[in-house]
Amino acid sequence: MSNALHRDVAIIGGGLVGSSAALALRRMDFSVVLLDKGFCGAQASGVNYGGVRRQGRPAEQIALSQRAHAIWPRLKGLIGIDGEFVRSGHLKLARTEAEMASLEAYAGRVADLGLDLELIGGNQLRGRFPWIAGDVMGASLCAGDGHANPRLVSAAFADAARRAGVDVLEQTRVSHVEKALEGFCLSAGSNTEIKARFVINSAGAWAGPFAEAFGEPVPLHAIYPSMIVTEPLDVFMSVNIGAEGGGIYARQVERGNCIVGGMRGEPLAEPDFSRPTGSGAVTIMNRAAALFPALRHAYAIRSWSGTEGEMADRNPVIGFSRTTPNLIHAFGFSGAGFQIAPGVGEVLAELVRDGESRTPIQAFAIDRFARTTQDSRADNGPEPKKREAAQ
């Protein structure tokens with residue numbers, strides 16, 4: 001006998017985006033079922049670096065990032081814990097003159113968007129942050145940014161959603177979704193059938209097939225960010241560190257452990273999982289030791305990786321389907337979804353309730369890739385008939 005559920009909203013994917021949307025929807029009195037093929041927050045949302053930063057995001061993400069920025073200090077009242085959130089500031093280092101020029105140009109582009117960036121020259125940087133070594137030309141500081149513990153935060157949003165009345169179904173893979181007359185029919189797990197007025201596709205790296213099933217293929221592929229944590233050390237790192245051009249990021253928690261990232265892991269034979277590589281761990285620790293002398297003799301006690309969905313343009317897909325009424329997409333956060341996820345959850349809830357969001361999300365429309373293809377075809381003339389026949 002199948003287990004039948006009738007809910008206002010079915011959410012596919014129990015990461016931080018899906019669970020924060022579920023909680024926001026329950027606070028609006030919608031009935032919600034949240035489904036995850038594994039455990040909520042166990043993939044990218046729970047194993048990422050933990051940076052809570054606005055700095056460095058494309059300008060089109062800043063309004064959404066600012067919305068999330070207002071939520072992070074309220075975590076304890078919202079989900080019951082503070083998630084070890086610390087507003088430490090985010091310091092982005094420039095190791096070359098070109099990188100410093102890039103930071104200066106970025107500061108100019110976002111000058112009116114409320115980030116209050118402070119550009120710091122090399123001499124001043126060494127005076128204010130003497131624990132940073134190496135040939136660093138300067139930096140950009142966003143004092144309001146910080147970091148948190150993703151393992152705690154992601155699980156706590158799902159737990160808070162459950163306490164609020166959301167049906168949280170873990171280890172329940174969604175095998176089929178189809179449009180019905182008054183919503184959607186979903187098949188999940190071994191015997192669960194769900195009818196819902198709305199579906200939110202927040203399935204992370206696994207969201208592509210759900211979008212494609214409704215005629216909306218996207219250039220989504222999996223990436224595997226990899227992290228290392230050191231033994232506890234005397235606290236020396238006062239800010240969350242990033243680097244222009246990438247290659248390293250680091251933060252230190254109150255207990256003294258440093259979390260360092262900047263390399264990629266590799267997928268396992270089971271495609272849902274990944275692992276760090278030994279060569280990657282050595283590379284990133286050598287980079288960290290070159291910048292932070294306090295780490296030169298530190299033991300790395302654990303490393304891990306996770307699976308994340310990356311879009312071709314590194315912007316997420318957020319918003320209504322262009323082919324199917326009441327289908328909403330939210331995926332492809334490209335390794336930078338942790339900070340904005342609580343804001344995305346509120347936006348998704350507004351889309352269900354109001355049909356629109358007060359935060360601009362037009363840049364994240366799923367049909368932007370189709371428009372690009374159409375524009376290319378218009379510029380280049382009609383495609384060869386041979387290719388049309390092969391599609």
# chains A, B, ... in the order shown; residues from 1 in each chain; ligands from 1

$ residues_around --residues "Leu35 of chain A" --least-positions-apart "6" --cutoff "10 Å" --atoms "only C-alpha atoms" --output "JSON, numbers by chain"
{"A": [10, 11, 12, 13, 14, 15, 18, 19, 167, 168, 169, 170, 171, 172, 173, 174, 188, 189, 202, 203]}

$ write_last_selection --atoms "N, CA and C atoms" --output "CSV table (one decimal), in the first residue's frame"
chain,number,residue,atom,x,y,z
A,10,ALA,N,5.9,20.7,-2.5
A,10,ALA,CA,6.9,19.7,-2.4
A,10,ALA,C,8.3,20.2,-2.8
A,11,ILE,N,9.3,20.0,-2.0
A,11,ILE,CA,10.6,20.5,-2.2
A,11,ILE,C,11.5,19.3,-2.4
A,12,ILE,N,12.2,19.3,-3.6
A,12,ILE,CA,13.1,18.2,-3.9
A,12,ILE,C,14.5,18.7,-3.5
A,13,GLY,N,15.1,18.2,-2.5
A,13,GLY,CA,16.5,18.5,-2.1
A,13,GLY,C,16.5,19.2,-0.7
A,14,GLY,N,17.1,18.5,0.3
A,14,GLY,CA,17.1,19.0,1.6
A,14,GLY,C,18.3,19.7,2.1
A,15,GLY,N,19.0,20.4,1.1
A,15,GLY,CA,20.1,21.2,1.5
A,15,GLY,C,19.7,22.5,2.1
A,18,GLY,N,16.8,24.3,0.2
A,18,GLY,CA,15.5,23.6,0.4
A,18,GLY,C,14.9,23.7,1.8
A,19,SER,N,15.8,23.5,2.8
A,19,SER,CA,15.3,23.5,4.2
A,19,SER,C,14.9,24.9,4.6
A,167,ASP,N,6.9,18.0,6.7
A,167,ASP,CA,7.1,16.6,6.6
A,167,ASP,C,8.5,16.4,5.9
A,168,VAL,N,9.5,16.1,6.7
A,168,VAL,CA,10.9,15.9,6.3
A,168,VAL,C,11.1,14.4,6.0
A,169,LEU,N,11.3,14.1,4.7
A,169,LEU,CA,11.4,12.7,4.3
A,169,LEU,C,12.9,12.5,3.8
A,170,GLU,N,13.7,12.0,4.7
A,170,GLU,CA,15.1,11.7,4.3
A,170,GLU,C,15.2,10.3,3.7
A,171,GLN,N,16.3,10.0,3.0
A,171,GLN,CA,16.5,8.7,2.4
A,171,GLN,C,15.3,8.4,1.5
A,172,THR,N,14.8,9.4,0.9
A,172,THR,CA,13.6,9.2,0.0
A,172,THR,C,13.8,9.9,-1.3
A,173,ARG,N,14.4,9.1,-2.2
A,173,ARG,CA,14.7,9.7,-3.5
A,173,ARG,C,13.5,9.9,-4.4
A,174,VAL,N,13.4,11.0,-5.0
A,174,VAL,CA,12.3,11.3,-5.9
A,174,VAL,C,12.6,10.7,-7.3
A,188,ALA,N,8.2,8.9,-4.8
A,188,ALA,CA,9.4,9.0,-4.0
A,188,ALA,C,9.6,7.8,-3.2
A,189,GLY,N,10.9,7.4,-2.9
A,189,GLY,CA,11.1,6.3,-2.0
A,189,GLY,C,10.6,5.0,-2.6
A,202,SER,N,15.3,22.1,-5.8
A,202,SER,CA,16.5,22.6,-5.1
A,202,SER,C,17.4,21.4,-4.9
A,203,ALA,N,17.6,20.6,-5.9
A,203,ALA,CA,18.3,19.3,-5.8
A,203,ALA,C,19.8,19.4,-6.0

$ residues_around --residues "Leu75 of chain A" --least-positions-apart "5" --cutoff "9 Å" --atoms "only C-alpha atoms" --output "list in words"
Gly80, Ile81, Asp82, Gly83, Phe85 and Val153 of chain A

$ closest_residue --among "A:Gln252, A:Ser226, A:Gln362, A:Gln55" --to "Glu266 of chain A" --atoms "only C-alpha atoms"
A:Ser226

$ closest_atom_pairs --of "segment 207-276 of chain A" --to "segment 121-143 of chain A" --cutoff "10 Å" --atoms "only C-alpha atoms" --output "CSV"
residue,atom,partner,partner_atom,distance
A:Phe236,CA,A:Trp131,CA,7.0
A:Met237,CA,A:Trp131,CA,7.3
A:Ser238,CA,A:Phe129,CA,8.3
A:Val239,CA,A:Ala143,CA,8.7
A:Asn240,CA,A:Leu141,CA,9.7
A:Ile241,CA,A:Leu141,CA,9.5
A:Gly242,CA,A:Ala139,CA,9.5
A:Ala243,CA,A:Ala139,CA,8.5
A:Glu244,CA,A:Ala139,CA,8.7

$ write_last_selection --atoms "all heavy atoms" --output "tab-separated table (two decimals), in the first residue's frame"
chain	number	residue	atom	x	y	z
A	236	PHE	N	45.13	33.13	16.02
A	236	PHE	CA	45.91	34.21	15.41
A	236	PHE	C	45.17	34.85	14.24
A	236	PHE	O	45.40	36.00	13.90
A	236	PHE	CB	47.26	33.69	14.92
A	236	PHE	CG	47.17	32.73	13.76
A	236	PHE	CD1	47.26	33.18	12.45
A	236	PHE	CD2	46.97	31.36	13.98
A	236	PHE	CE1	47.16	32.28	11.38
A	236	PHE	CE2	46.87	30.47	12.93
A	236	PHE	CZ	46.97	30.93	11.62
A	237	MET	N	44.27	34.11	13.62
A	237	MET	CA	43.61	34.56	12.40
A	237	MET	C	42.32	35.28	12.78
A	237	MET	O	41.35	34.67	13.20
A	237	MET	CB	43.32	33.35	11.50
A	237	MET	CG	42.90	33.70	10.09
A	237	MET	SD	42.71	32.22	9.03
A	237	MET	CE	44.41	31.68	8.87
A	238	SER	N	42.32	36.58	12.62
A	238	SER	CA	41.20	37.39	13.12
A	238	SER	C	40.10	37.61	12.09
A	238	SER	O	39.02	38.12	12.44
A	238	SER	CB	41.74	38.75	13.59
A	238	SER	OG	42.47	39.39	12.54
A	239	VAL	N	40.33	37.27	10.84
A	239	VAL	CA	39.33	37.48	9.79
A	239	VAL	C	39.23	36.23	8.92
A	239	VAL	O	40.11	35.37	8.93
A	239	VAL	CB	39.70	38.69	8.89
A	239	VAL	CG1	39.59	39.99	9.64
A	239	VAL	CG2	41.10	38.52	8.29
A	240	ASN	N	38.14	36.14	8.18
A	240	ASN	CA	37.95	35.11	7.15
A	240	ASN	C	38.76	35.55	5.93
A	240	ASN	O	38.60	36.66	5.43
A	240	ASN	CB	36.46	35.00	6.84
A	240	ASN	CG	36.15	34.05	5.70
A	240	ASN	OD1	36.98	33.25	5.31
A	240	ASN	ND2	34.94	34.15	5.18
A	241	ILE	N	39.62	34.67	5.44
A	241	ILE	CA	40.57	35.04	4.37
A	241	ILE	C	40.14	34.44	3.03
A	241	ILE	O	39.75	33.28	2.94
A	241	ILE	CB	41.98	34.51	4.70
A	241	ILE	CG1	42.59	35.28	5.87
A	241	ILE	CG2	42.89	34.59	3.48
A	241	ILE	CD1	43.10	36.65	5.51
A	242	GLY	N	40.22	35.26	2.00
A	242	GLY	CA	40.09	34.80	0.62
A	242	GLY	C	41.23	35.37	-0.20
A	242	GLY	O	42.06	36.13	0.31
A	243	ALA	N	41.27	35.01	-1.46
A	243	ALA	CA	42.33	35.52	-2.33
A	243	ALA	C	41.74	35.84	-3.69
A	243	ALA	O	41.01	35.04	-4.26
A	243	ALA	CB	43.46	34.51	-2.46
A	244	GLU	N	42.06	37.01	-4.19
A	244	GLU	CA	41.65	37.37	-5.55
A	244	GLU	C	42.33	36.40	-6.52
A	244	GLU	O	43.53	36.13	-6.42
A	244	GLU	CB	42.07	38.81	-5.85
A	244	GLU	CG	41.67	39.29	-7.23
A	244	GLU	CD	40.16	39.45	-7.38
A	244	GLU	OE1	39.40	39.20	-6.42
A	244	GLU	OE2	39.72	39.83	-8.48

$ select_by_dssp --residues "segment 24-80 of chain A" --states "helix (DSSP H, G or I)" --output "PyMOL selection string"
chain A and resi 24-27+44-47+59-79

$ select_by_dssp --residues "segment 129-353 of chain A" --states "strand (DSSP E)" --output "tab-separated table (two decimals) with N, CA, C and O atoms, in the first residue's frame"
chain	number	residue	atom	x	y	z
A	138	GLY	N	48.31	43.87	-1.29
A	138	GLY	CA	47.25	44.61	-0.61
A	138	GLY	C	46.04	43.72	-0.44
A	138	GLY	O	46.11	42.50	-0.63
A	139	ALA	N	44.92	44.33	-0.07
A	139	ALA	CA	43.72	43.54	0.19
A	139	ALA	C	42.49	44.43	0.18
A	139	ALA	O	42.58	45.66	0.15
A	140	SER	N	41.35	43.78	0.21
A	140	SER	CA	40.06	44.46	0.35
A	140	SER	C	39.35	43.83	1.54
A	140	SER	O	39.22	42.61	1.62
A	141	LEU	N	38.88	44.66	2.45
A	141	LEU	CA	38.22	44.18	3.67
A	141	LEU	C	36.74	44.52	3.63
A	141	LEU	O	36.37	45.68	3.42
A	142	CYS	N	35.90	43.51	3.84
A	142	CYS	CA	34.47	43.72	4.05
A	142	CYS	C	34.19	43.37	5.51
A	142	CYS	O	34.06	42.19	5.86
A	146	GLY	N	31.66	37.31	7.46
A	146	GLY	CA	32.17	36.44	8.51
A	146	GLY	C	32.21	34.99	8.09
A	146	GLY	O	32.43	34.66	6.93
A	147	HIS	N	31.95	34.10	9.06
A	147	HIS	CA	31.96	32.66	8.78
A	147	HIS	C	31.11	31.95	9.82
A	147	HIS	O	30.75	32.50	10.86
A	167	ASP	N	6.86	18.02	6.70
A	167	ASP	CA	7.14	16.59	6.57
A	167	ASP	C	8.53	16.45	5.94
A	167	ASP	O	8.70	16.70	4.75
A	168	VAL	N	9.51	16.07	6.74
A	168	VAL	CA	10.88	15.92	6.26
A	168	VAL	C	11.13	14.44	6.01
A	168	VAL	O	11.18	13.64	6.94
A	169	LEU	N	11.26	14.08	4.74
A	169	LEU	CA	11.44	12.69	4.34
A	169	LEU	C	12.86	12.49	3.82
A	169	LEU	O	13.18	12.84	2.68
A	174	VAL	N	13.38	11.03	-5.02
A	174	VAL	CA	12.28	11.32	-5.94
A	174	VAL	C	12.62	10.68	-7.28
A	174	VAL	O	13.62	11.02	-7.92
A	175	SER	N	11.79	9.75	-7.70
A	175	SER	CA	12.06	9.01	-8.94
A	175	SER	C	11.27	9.55	-10.13
A	175	SER	O	11.65	9.31	-11.28
A	176	HIS	N	10.19	10.28	-9.86
A	176	HIS	CA	9.36	10.75	-10.97
A	176	HIS	C	8.57	11.97	-10.52
A	176	HIS	O	8.06	12.03	-9.41
A	177	VAL	N	8.49	12.96	-11.41
A	177	VAL	CA	7.66	14.15	-11.21
A	177	VAL	C	6.93	14.43	-12.51
A	177	VAL	O	7.54	14.43	-13.58
A	178	GLU	N	5.65	14.66	-12.43
A	178	GLU	CA	4.91	15.03	-13.64
A	178	GLU	C	3.85	16.07	-13.31
A	178	GLU	O	3.35	16.15	-12.17
A	179	LYS	N	3.52	16.88	-14.30
A	179	LYS	CA	2.49	17.91	-14.13
A	179	LYS	C	1.13	17.26	-14.19
A	179	LYS	O	0.87	16.40	-15.03
A	180	ALA	N	0.27	17.65	-13.27
A	180	ALA	CA	-1.11	17.19	-13.24
A	180	ALA	C	-2.02	18.39	-13.45
A	180	ALA	O	-1.57	19.53	-13.59
A	183	GLY	N	-1.61	20.78	-10.28
A	183	GLY	CA	-0.33	20.75	-9.60
A	183	GLY	C	0.58	19.68	-10.15
A	183	GLY	O	0.75	19.56	-11.37
A	184	PHE	N	1.15	18.88	-9.25
A	184	PHE	CA	2.15	17.89	-9.62
A	184	PHE	C	1.91	16.58	-8.88
A	184	PHE	O	1.37	16.57	-7.77
A	185	CYS	N	2.34	15.50	-9.51
A	185	CYS	CA	2.36	14.20	-8.87
A	185	CYS	C	3.82	13.74	-8.80
A	185	CYS	O	4.54	13.79	-9.79
A	186	LEU	N	4.26	13.33	-7.61
A	186	LEU	CA	5.62	12.88	-7.41
A	186	LEU	C	5.61	11.46	-6.85
A	186	LEU	O	4.76	11.11	-6.02
A	187	SER	N	6.56	10.66	-7.31
A	187	SER	CA	6.81	9.33	-6.75
A	187	SER	C	8.16	9.37	-6.07
A	187	SER	O	9.14	9.84	-6.65
A	188	ALA	N	8.21	8.89	-4.82
A	188	ALA	CA	9.44	8.98	-4.05
A	188	ALA	C	9.60	7.75	-3.17
A	188	ALA	O	8.62	7.14	-2.74
A	192	THR	N	5.96	6.07	-1.74
A	192	THR	CA	5.37	7.36	-1.38
A	192	THR	C	4.91	8.10	-2.63
A	192	THR	O	5.70	8.32	-3.54
A	193	GLU	N	3.65	8.45	-2.65
A	193	GLU	CA	3.08	9.25	-3.73
A	193	GLU	C	2.66	10.60	-3.14
A	193	GLU	O	2.01	10.65	-2.09
A	194	ILE	N	3.03	11.67	-3.83
A	194	ILE	CA	2.76	13.01	-3.32
A	194	ILE	C	2.05	13.83	-4.38
A	194	ILE	O	2.41	13.80	-5.56
A	195	LYS	N	1.04	14.55	-3.96
A	195	LYS	CA	0.40	15.55	-4.81
A	195	LYS	C	0.64	16.91	-4.19
A	195	LYS	O	0.43	17.10	-2.98
A	196	ALA	N	1.08	17.85	-5.01
A	196	ALA	CA	1.41	19.18	-4.50
A	196	ALA	C	1.04	20.23	-5.53
A	196	ALA	O	1.12	19.99	-6.74
A	197	ARG	N	0.66	21.40	-5.04
A	197	ARG	CA	0.32	22.50	-5.96
A	197	ARG	C	1.58	23.11	-6.57
A	197	ARG	O	1.57	23.57	-7.70
A	198	PHE	N	2.66	23.15	-5.79
A	198	PHE	CA	3.94	23.71	-6.24
A	198	PHE	C	5.04	22.67	-6.03
A	198	PHE	O	4.99	21.89	-5.07
A	199	VAL	N	6.04	22.71	-6.90
A	199	VAL	CA	7.26	21.95	-6.71
A	199	VAL	C	8.44	22.90	-6.78
A	199	VAL	O	8.52	23.76	-7.67
A	200	ILE	N	9.36	22.78	-5.80
A	200	ILE	CA	10.62	23.52	-5.81
A	200	ILE	C	11.75	22.53	-6.09
A	200	ILE	O	11.93	21.57	-5.34
A	201	ASN	N	12.47	22.76	-7.15
A	201	ASN	CA	13.61	21.93	-7.53
A	201	ASN	C	14.87	22.55	-6.94
A	201	ASN	O	15.48	23.44	-7.52
A	220	LEU	N	24.72	22.54	-16.24
A	220	LEU	CA	25.06	22.28	-14.85
A	220	LEU	C	26.00	21.07	-14.78
A	220	LEU	O	25.74	20.04	-15.40
A	221	HIS	N	27.09	21.22	-14.04
A	221	HIS	CA	27.97	20.08	-13.85
A	221	HIS	C	28.45	20.05	-12.40
A	221	HIS	O	28.37	21.05	-11.68
A	222	ALA	N	28.96	18.91	-11.97
A	222	ALA	CA	29.38	18.73	-10.59
A	222	ALA	C	30.81	19.20	-10.39
A	222	ALA	O	31.69	18.99	-11.22
A	223	ILE	N	31.03	19.87	-9.24
A	223	ILE	CA	32.38	20.20	-8.78
A	223	ILE	C	32.52	19.63	-7.37
A	223	ILE	O	31.53	19.30	-6.71
A	225	PRO	N	34.49	20.76	-4.18
A	225	PRO	CA	35.36	21.55	-3.30
A	225	PRO	C	35.91	20.68	-2.17
A	225	PRO	O	35.22	19.82	-1.63
A	226	SER	N	37.17	20.93	-1.82
A	226	SER	CA	37.86	20.09	-0.83
A	226	SER	C	38.42	20.96	0.28
A	226	SER	O	38.99	22.02	0.02
A	227	MET	N	38.28	20.51	1.52
A	227	MET	CA	38.68	21.26	2.70
A	227	MET	C	39.60	20.45	3.60
A	227	MET	O	39.59	19.22	3.58
A	228	ILE	N	40.39	21.16	4.41
A	228	ILE	CA	41.27	20.57	5.41
A	228	ILE	C	41.06	21.31	6.73
A	228	ILE	O	40.86	22.53	6.73
A	229	VAL	N	41.09	20.59	7.84
A	229	VAL	CA	41.07	21.22	9.15
A	229	VAL	C	42.34	20.83	9.89
A	229	VAL	O	42.80	19.69	9.82
A	230	THR	N	42.94	21.80	10.57
A	230	THR	CA	44.17	21.55	11.32
A	230	THR	C	43.87	21.23	12.78
A	230	THR	O	42.74	21.39	13.26
A	240	ASN	N	38.14	36.14	8.18
A	240	ASN	CA	37.95	35.11	7.15
A	240	ASN	C	38.76	35.55	5.93
A	240	ASN	O	38.60	36.66	5.43
A	241	ILE	N	39.62	34.67	5.44
A	241	ILE	CA	40.57	35.04	4.37
A	241	ILE	C	40.14	34.44	3.03
A	241	ILE	O	39.75	33.28	2.94
A	242	GLY	N	40.22	35.26	2.00
A	242	GLY	CA	40.09	34.80	0.62
A	242	GLY	C	41.23	35.37	-0.20
A	242	GLY	O	42.06	36.13	0.31
A	243	ALA	N	41.27	35.01	-1.46
A	243	ALA	CA	42.33	35.52	-2.33
A	243	ALA	C	41.74	35.84	-3.69
A	243	ALA	O	41.01	35.04	-4.26
A	249	TYR	N	41.59	29.75	0.61
A	249	TYR	CA	40.77	30.48	1.58
A	249	TYR	C	40.96	29.81	2.93
A	249	TYR	O	41.27	28.62	3.01
A	250	ALA	N	40.83	30.60	3.99
A	250	ALA	CA	41.13	30.07	5.31
A	250	ALA	C	40.38	30.85	6.38
A	250	ALA	O	40.12	32.06	6.22
A	251	ARG	N	40.04	30.16	7.44
A	251	ARG	CA	39.43	30.78	8.61
A	251	ARG	C	39.83	29.98	9.84
A	251	ARG	O	40.21	28.81	9.74
A	252	GLN	N	39.74	30.62	11.00
A	252	GLN	CA	40.05	29.93	12.25
A	252	GLN	C	38.87	30.05	13.19
A	252	GLN	O	38.27	31.13	13.33
A	258	CYS	N	42.05	25.59	12.23
A	258	CYS	CA	41.97	26.36	10.99
A	258	CYS	C	41.36	25.49	9.91
A	258	CYS	O	41.73	24.33	9.74
A	259	ILE	N	40.41	26.05	9.18
A	259	ILE	CA	39.81	25.37	8.02
A	259	ILE	C	40.40	26.03	6.79
A	259	ILE	O	40.35	27.26	6.63
A	260	VAL	N	40.98	25.23	5.92
A	260	VAL	CA	41.68	25.73	4.74
A	260	VAL	C	41.14	25.03	3.50
A	260	VAL	O	40.91	23.82	3.50
A	261	GLY	N	40.92	25.78	2.45
A	261	GLY	CA	40.46	25.20	1.19
A	261	GLY	C	41.07	25.89	0.00
A	261	GLY	O	41.85	26.83	0.14
A	262	GLY	N	40.71	25.41	-1.18
A	262	GLY	CA	41.20	26.01	-2.40
A	262	GLY	C	41.50	25.01	-3.49
A	262	GLY	O	41.86	25.39	-4.60
A	263	MET	N	41.34	23.72	-3.18
A	263	MET	CA	41.56	22.69	-4.18
A	263	MET	C	40.26	21.91	-4.39
A	263	MET	O	39.29	22.08	-3.66
A	264	ARG	N	40.25	21.05	-5.39
A	264	ARG	CA	39.08	20.23	-5.69
A	264	ARG	C	39.37	18.77	-5.37
A	264	ARG	O	40.50	18.29	-5.49
A	266	GLU	N	37.79	14.63	-5.95
A	266	GLU	CA	37.48	13.84	-7.13
A	266	GLU	C	36.28	12.95	-6.82
A	266	GLU	O	36.05	12.55	-5.68
A	267	PRO	N	35.47	12.64	-7.85
A	267	PRO	CA	34.29	11.80	-7.62
A	267	PRO	C	34.68	10.35	-7.33
A	267	PRO	O	35.73	9.88	-7.80
A	274	SER	N	32.26	12.11	-3.17
A	274	SER	CA	33.57	12.49	-3.66
A	274	SER	C	34.56	12.40	-2.50
A	274	SER	O	34.17	12.18	-1.35
A	275	ARG	N	35.84	12.59	-2.81
A	275	ARG	CA	36.86	12.56	-1.77
A	275	ARG	C	37.98	13.52	-2.12
A	275	ARG	O	38.21	13.84	-3.30
A	300	ALA	N	47.57	18.62	9.93
A	300	ALA	CA	46.24	18.53	9.32
A	300	ALA	C	45.59	17.25	9.86
A	300	ALA	O	46.13	16.15	9.69
A	301	ILE	N	44.45	17.39	10.53
A	301	ILE	CA	43.87	16.23	11.20
A	301	ILE	C	42.69	15.62	10.43
A	301	ILE	O	42.30	14.49	10.71
A	302	ARG	N	42.16	16.35	9.46
A	302	ARG	CA	41.04	15.78	8.71
A	302	ARG	C	40.89	16.53	7.40
A	302	ARG	O	41.16	17.74	7.33
A	303	SER	N	40.46	15.83	6.37
A	303	SER	CA	40.13	16.48	5.09
A	303	SER	C	38.85	15.86	4.56
A	303	SER	O	38.50	14.73	4.91
A	304	TRP	N	38.14	16.61	3.74
A	304	TRP	CA	36.88	16.12	3.19
A	304	TRP	C	36.54	16.86	1.91
A	304	TRP	O	37.14	17.88	1.58
A	305	SER	N	35.57	16.34	1.21
A	305	SER	CA	35.08	16.98	0.00
A	305	SER	C	33.56	16.86	-0.03
A	305	SER	O	32.96	16.21	0.83
A	308	GLU	N	28.90	19.61	-5.42
A	308	GLU	CA	28.18	20.86	-5.63
A	308	GLU	C	27.88	21.03	-7.10
A	308	GLU	O	28.62	20.53	-7.96
A	309	GLY	N	26.78	21.70	-7.43
A	309	GLY	CA	26.45	21.99	-8.81
A	309	GLY	C	26.96	23.35	-9.24
A	309	GLY	O	26.74	24.34	-8.55
A	310	GLU	N	27.64	23.40	-10.37
A	310	GLU	CA	28.19	24.65	-10.88
A	310	GLU	C	27.56	24.97	-12.23
A	310	GLU	O	27.45	24.11	-13.10
A	311	MET	N	27.17	26.23	-12.40
A	311	MET	CA	26.62	26.68	-13.66
A	311	MET	C	27.73	27.24	-14.55
A	311	MET	O	28.78	27.67	-14.06
A	317	VAL	N	20.52	29.34	-10.72
A	317	VAL	CA	19.18	29.41	-11.30
A	317	VAL	C	18.20	29.57	-10.15
A	317	VAL	O	18.15	28.74	-9.24
A	318	ILE	N	17.45	30.66	-10.15
A	318	ILE	CA	16.45	30.91	-9.12
A	318	ILE	C	15.24	31.52	-9.80
A	318	ILE	O	15.34	32.56	-10.46
A	319	GLY	N	14.08	30.90	-9.65
A	319	GLY	CA	12.86	31.49	-10.19
A	319	GLY	C	11.93	30.47	-10.81
A	319	GLY	O	12.19	29.26	-10.80
A	320	PHE	N	10.85	30.97	-11.35
A	320	PHE	CA	9.84	30.11	-11.95
A	320	PHE	C	10.35	29.45	-13.22
A	320	PHE	O	11.13	30.03	-13.99
A	327	LEU	N	6.16	25.43	-11.11
A	327	LEU	CA	7.46	24.79	-10.90
A	327	LEU	C	8.49	25.90	-10.68
A	327	LEU	O	8.58	26.84	-11.47
A	328	ILE	N	9.27	25.78	-9.59
A	328	ILE	CA	10.27	26.78	-9.23
A	328	ILE	C	11.63	26.10	-9.11
A	328	ILE	O	11.74	25.03	-8.51
A	329	HIS	N	12.64	26.73	-9.68
A	329	HIS	CA	13.99	26.18	-9.62
A	329	HIS	C	14.86	27.00	-8.66
A	329	HIS	O	14.72	28.23	-8.57
A	330	ALA	N	15.78	26.33	-7.98
A	330	ALA	CA	16.77	27.01	-7.13
A	330	ALA	C	17.97	26.08	-6.98
A	330	ALA	O	18.02	25.24	-6.08
A	331	PHE	N	18.95	26.24	-7.85
A	331	PHE	CA	20.11	25.35	-7.83
A	331	PHE	C	21.27	26.02	-8.56
A	331	PHE	O	21.14	27.11	-9.11

$ closest_residue --among "A:Ala281, A:Pro217, A:Leu119, A:Leu348" --to "Ala101 of chain A" --atoms "only C-alpha atoms"
A:Leu119

$ closest_residue --among "A:Leu291, A:Ala341, A:Leu268, A:Ala211" --to "Ala94 of chain A" --atoms "only C-alpha atoms"
A:Leu291

$ closest_residue --among "A:Ile340, A:Val166, A:Ala207, A:Ala156" --to "Leu78 of chain A" --atoms "only C-alpha atoms"
A:Ala156

$ closest_residue --among "A:Gly355, A:Asp145, A:His6, A:Ala59" --to "Gly108 of chain A" --atoms "only C-alpha atoms"
A:Ala59

$ decode --residues "segment 309-318 of chain A" --atoms "N, CA and C atoms" --output "short mmCIF file (atom, residue, chain, number, x, y, z; two decimals), in the first residue's frame"
data_model
loop_
_atom_site.label_atom_id
_atom_site.label_comp_id
_atom_site.auth_asym_id
_atom_site.auth_seq_id
_atom_site.Cartn_x
_atom_site.Cartn_y
_atom_site.Cartn_z
N GLY A 309 26.78 21.70 -7.43
CA GLY A 309 26.45 21.99 -8.81
C GLY A 309 26.96 23.35 -9.24
N GLU A 310 27.64 23.40 -10.37
CA GLU A 310 28.19 24.65 -10.88
C GLU A 310 27.56 24.97 -12.23
N MET A 311 27.17 26.23 -12.40
CA MET A 311 26.62 26.68 -13.66
C MET A 311 27.73 27.24 -14.55
N ALA A 312 27.48 27.27 -15.83
CA ALA A 312 28.49 27.74 -16.78
C ALA A 312 28.88 29.20 -16.53
N ASP A 313 27.92 30.02 -16.08
CA ASP A 313 28.21 31.43 -15.82
C ASP A 313 28.41 31.72 -14.35
N ARG A 314 28.41 30.67 -13.50
CA ARG A 314 28.65 30.75 -12.06
C ARG A 314 27.58 31.52 -11.30
N ASN A 315 26.48 31.82 -11.94
CA ASN A 315 25.31 32.36 -11.26
C ASN A 315 24.28 31.25 -11.09
N PRO A 316 23.54 31.26 -9.99
CA PRO A 316 22.55 30.21 -9.79
C PRO A 316 21.34 30.37 -10.70
N VAL A 317 20.52 29.34 -10.72
CA VAL A 317 19.18 29.41 -11.30
C VAL A 317 18.20 29.57 -10.15
N ILE A 318 17.45 30.66 -10.15
CA ILE A 318 16.45 30.91 -9.12
C ILE A 318 15.24 31.52 -9.80
#
